[in-house]
Amino acid sequence: MADEELEAIRQRRMAELMARQGGDGGSSEQQQQEQEKQRQEAEERRTMMLQQVMEMEARERLSRIKLVKPDKAKAVEDLILQMATRRQLKERVNEERLIHLLEQVNTQMSQNTRVTIQRQRKSVLEDDW
């Protein structure tokens, strides 16, 4: 993983040097391309980290969940990565642990979700002819 990150950093540096030499023509396009490239690299790093800390069955289950509820899957991924960076994971995340984390995220999301219904009331002055 370190070699891949080093290669990504080298490519980013090379692209920056090329952009400086190329001048300012189309700089907004170049900035957009650079931002897109950085976003893709961050997503790749995220995927690699998840592959390292999760078992295959758990990754498959999470990918199926991501198809249906991408916001919940993202929340679970964030939680897993946070636990991994804090070294709270003693072993790889298996399917049972993933289910537990899903339940935890589900309770957090349901506590934050509130539905209010506002009904339109007819005023006394309105005539229904």
# chains A, B, ... in the order shown; residues from 1 in each chain; ligands from 1

$ select_by_dssp --residues "chain A" --states "helix (DSSP H, G or I)" --output "VMD selection string"
chain A and resid 2 to 22 27 to 53 56 to 68 70 to 85 95 to 112

$ residues_around --residues "segment 89-98 of chain A" --least-positions-apart "4" --cutoff "6 Å" --atoms "only C-alpha atoms" --output "PDB file with N, CA and C atoms, in the first residue's frame"
ATOM      1  N   VAL A  53      -9.243  -4.146   6.335  1.00  0.00           N
ATOM      2  CA  VAL A  53      -9.812  -4.355   7.663  1.00  0.00           C
ATOM      3  C   VAL A  53     -11.099  -5.173   7.654  1.00  0.00           C
ATOM      4  N   MET A  54     -11.602  -5.529   6.470  1.00  0.00           N
ATOM      5  CA  MET A  54     -12.860  -6.277   6.395  1.00  0.00           C
ATOM      6  C   MET A  54     -12.663  -7.619   5.707  1.00  0.00           C
ATOM      7  N   GLU A  55     -13.410  -8.608   6.161  1.00  0.00           N
ATOM      8  CA  GLU A  55     -13.421  -9.906   5.491  1.00  0.00           C
ATOM      9  C   GLU A  55     -14.264  -9.809   4.221  1.00  0.00           C
ATOM     10  N   ALA A  58     -18.118  -9.697   4.565  1.00  0.00           N
ATOM     11  CA  ALA A  58     -18.597  -8.416   5.083  1.00  0.00           C
ATOM     12  C   ALA A  58     -18.543  -7.338   4.000  1.00  0.00           C
ATOM     13  N   ALA A  84     -10.633   1.807  12.707  1.00  0.00           N
ATOM     14  CA  ALA A  84      -9.342   1.289  12.264  1.00  0.00           C
ATOM     15  C   ALA A  84      -8.222   2.302  12.540  1.00  0.00           C
TER      16      ALA A  84
END

$ atom_distance --atom1 "atom CA of Gln33 of chain A" --atom2 "atom CA of Arg45 of chain A"
18.3 Å

$ residues_around --residues "Ala73 of chain A" --least-positions-apart "2" --cutoff "10 Å" --atoms "only C-alpha atoms" --output "PyMOL selection string"
chain A and resi 61-71+75-79+102+105

$ closest_residue --among "A:Ala15, A:Met56, A:Met49, A:Ala8" --to "Gln31 of chain A" --atoms "only C-alpha atoms"
A:Ala15

$ closest_residue --among "A:Ile80, A:Val115, A:Ile9, A:Leu17" --to "His100 of chain A" --atoms "only C-alpha atoms"
A:Ile80

$ atom_distance --atom1 "atom CA of Leu6 of chain A" --atom2 "atom CA of Glu41 of chain A"
11.9 Å
